[in-house]
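Asker: Okay, so here is work.txt, and as you'll see once you scroll down, it has compact mmCIF, C-alpha atoms.
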# COMPACT_ATOMS: atom_id res chain seq x y z
CA MET A 712 102.31 88.59 69.18
CA THR A 713 105.75 87.13 69.84
CA ARG A 714 104.93 83.79 68.27
CA LYS A 715 103.66 85.48 65.13
CA PHE A 716 106.74 87.67 64.96
CA THR A 717 109.09 84.75 65.53
CA ALA A 718 107.33 82.76 62.84
CA PHE A 719 107.62 85.73 60.47
CA ALA A 720 111.34 86.06 61.22
CA ALA A 721 111.90 82.35 60.59
CA ALA A 722 110.01 82.56 57.30
CA ALA A 723 112.07 85.59 56.29
CA LEU A 724 115.29 83.71 57.01
CA LEU A 725 114.14 80.76 54.91
CA ALA A 726 113.20 83.09 52.07
CA LEU A 727 116.61 84.71 52.24
CA ALA A 728 118.28 81.35 51.85
CA ALA A 729 116.60 80.96 48.47
CA CYS A 730 117.49 84.45 47.24
CA ASP A 731 120.38 85.20 44.94
CA ALA A 732 121.93 87.80 47.24
CA THR A 733 125.53 88.49 48.09
CA GLN A 734 126.94 87.19 51.34
CA GLN A 735 127.07 90.73 52.74
CA GLN A 736 123.39 91.27 51.97
CA GLN A 737 122.50 87.98 53.58
CA ASP A 738 124.58 88.76 56.67
CA THR A 739 122.91 92.17 56.99
CA ALA A 740 119.44 90.69 56.60
CA VAL A 741 120.12 87.93 59.10
CA GLY A 742 121.57 90.44 61.57
CA GLY A 743 118.44 92.55 61.19
CA ALA A 744 116.11 89.59 61.58
CA VAL A 745 117.93 88.28 64.65
CA GLY A 746 118.01 91.75 66.20
CA ALA A 747 114.32 92.32 65.55
CA THR A 748 113.42 88.94 67.03
CA LEU A 749 115.51 89.54 70.14
CA GLY A 750 114.09 93.04 70.53
CA ALA A 751 110.52 91.80 70.31
CA LEU A 752 111.15 88.92 72.69
CA SER A 753 112.89 91.20 75.20
CA ALA A 754 110.11 93.79 75.11
CA ASN A 755 107.49 91.09 75.49
CA ALA A 756 109.37 89.56 78.44
CA LEU A 757 109.40 92.98 80.12
CA GLY A 758 105.64 93.29 79.68
CA ALA A 759 105.62 96.00 77.01
CA ASP A 760 102.47 96.69 75.03
CA ALA A 761 102.26 96.08 71.27
CA GLY A 762 103.50 99.56 70.34
CA TRP A 763 106.63 99.34 72.47
CA THR A 764 107.25 95.79 71.31
CA ALA A 765 107.16 96.95 67.69
CA ALA A 766 109.44 99.89 68.49
CA ALA A 767 111.91 97.58 70.24
CA ALA A 768 111.86 95.18 67.28
CA ILE A 769 112.54 98.00 64.81
CA ALA A 770 115.35 99.50 66.89
CA ALA A 771 117.01 96.16 67.60
CA GLY A 772 116.61 95.07 63.97
CA THR A 773 118.34 98.23 62.80
CA ALA A 774 121.11 97.74 65.33
CA GLY A 775 121.54 94.11 64.27
CA ALA A 776 121.79 95.03 60.59
CA LEU A 777 124.35 97.77 61.31
CA TYR A 778 126.35 95.45 63.53
CA ALA A 779 126.46 92.82 60.77
CA GLN A 780 127.63 95.40 58.20
CA ASN A 781 130.28 96.82 60.51
CA ARG A 782 131.52 93.38 61.47
CA ARG A 783 131.93 92.45 57.81
CA THR A 784 133.76 95.62 56.77
CA ASP A 785 135.49 96.23 60.14
CA GLN A 786 134.62 99.92 59.73
CA CYS A 787 132.65 101.86 62.34
CA ALA A 788 131.48 105.47 62.41
CA TYR A 789 132.41 107.45 65.51
CA TYR A 790 130.84 110.75 66.51
CA THR A 791 133.53 113.32 67.28
CA GLY A 792 131.41 115.70 69.37
CA ARG A 793 131.95 118.55 66.93
CA GLY A 794 128.64 119.27 65.25
CA ASP A 795 127.74 116.69 62.62
CA GLU A 796 131.32 115.39 62.19
CA VAL A 797 131.72 111.62 62.08
CA VAL A 798 134.98 109.74 61.62
CA VAL A 799 135.09 106.27 60.05
CA ARG A 800 137.79 104.01 61.51
CA PRO A 801 138.36 100.33 62.12
CA CYS A 802 136.10 98.97 64.87
Can the structure in the file be given as structure tokens, please?

Answerer:
Amino acid sequence: MTRKFTAFAAAALLALAACDATQQQQDTAVGGAVGATLGALSANALGADAGWTAAAAIAAGTAGALYAQNRRTDQCAYYTGRGDEVVVRPC
């Protein structure tokens, strides 16, 4: 499972290199791919089954993509604790 996923992530990164995307889009995609790969590898190392490995890959991929976007814009959303209110400030 992990080898297939790692191979898929590597192929996705190579495909992105050939795309005509902006640098921000490429950074976001790479952050997502790296996060997903690390999530899957971590779950596999902890002995998780296929379902939990996929869930970890999705969660870590999302976190990696958001981290890449926030790092590029230096803007982060902070929850204020008041209902649904979120404040956007520098990270």

Asker: How far is it from CA of Ala744 in chain A to CA of Arg783 in chain A, in Å with one decimal?

Answerer: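 Going from CA of Ala744 in chain A over to CA of Arg783 in chain A covers 16.5 Å.
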
Asker: One decimal, in Å: what's the spacing between CA of Ala768 in chain A and CA of Thr748 in chain A?

Answerer: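 Calculated distance between CA of Ala768 in chain A and CA of Thr748 in chain A is 6.4 Å.
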
Asker: What is the distance between CA of Ala788 in chain A and CA of Ala732 in chain A, in Å to one decimal?

Answerer: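 Computing it gives 25.2 Å between the two atoms.
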
Asker: Pick from A:Ala767, A:Leu777, A:Tyr789, A:Asp795: nearest to Leu752 in chain A, with only C-alpha atoms counted?

Answerer: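 Residue with the minimum atom-to-atom distance to Leu752 in chain A: A:Ala767.
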
Asker: When you count only C-alpha atoms, which of these residues is closest to Gln734 in chain A: A:Gly746, A:Ala779, A:Ala770, A:Trp763?

Answerer: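 Looking at the shortest contact to Gln734 in chain A, the residue is A:Ala779.
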
Asker: Could you check which of A:Gly762, A:Ala771, A:Asn755, A:Gln786 is closest to Val798 in chain A, using all atoms listed in the file?

Answerer: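 The answer is A:Gln786, which sits nearest to Val798 in chain A.
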
Asker: Please report, as JSON, the centre and edge lengths in Å to one decimal of an axis-aligned box covering all listed atoms of range 748-759 of chain A with 5 Å per side.

Answerer:
{"center_x": 110.6, "center_y": 92.5, "center_z": 73.6, "size_x": 19.9, "size_y": 17.1, "size_z": 23.1}

Asker: Rank nothing, just name the residue among A:Cys802, A:Ala766, A:Ala754, A:Ala740 nearest to Asn781 in chain A, using all atoms listed in the file.

Answerer: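 The closest residue to Asn781 in chain A is A:Cys802.
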
Asker: Of the residues A:Gly750, A:Pro801, A:Gln735, A:Cys787, which is the one nearest to Gly775 in chain A, using all atoms listed in the file?

Answerer: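 Looking at the shortest contact to Gly775 in chain A, the residue is A:Gly750.
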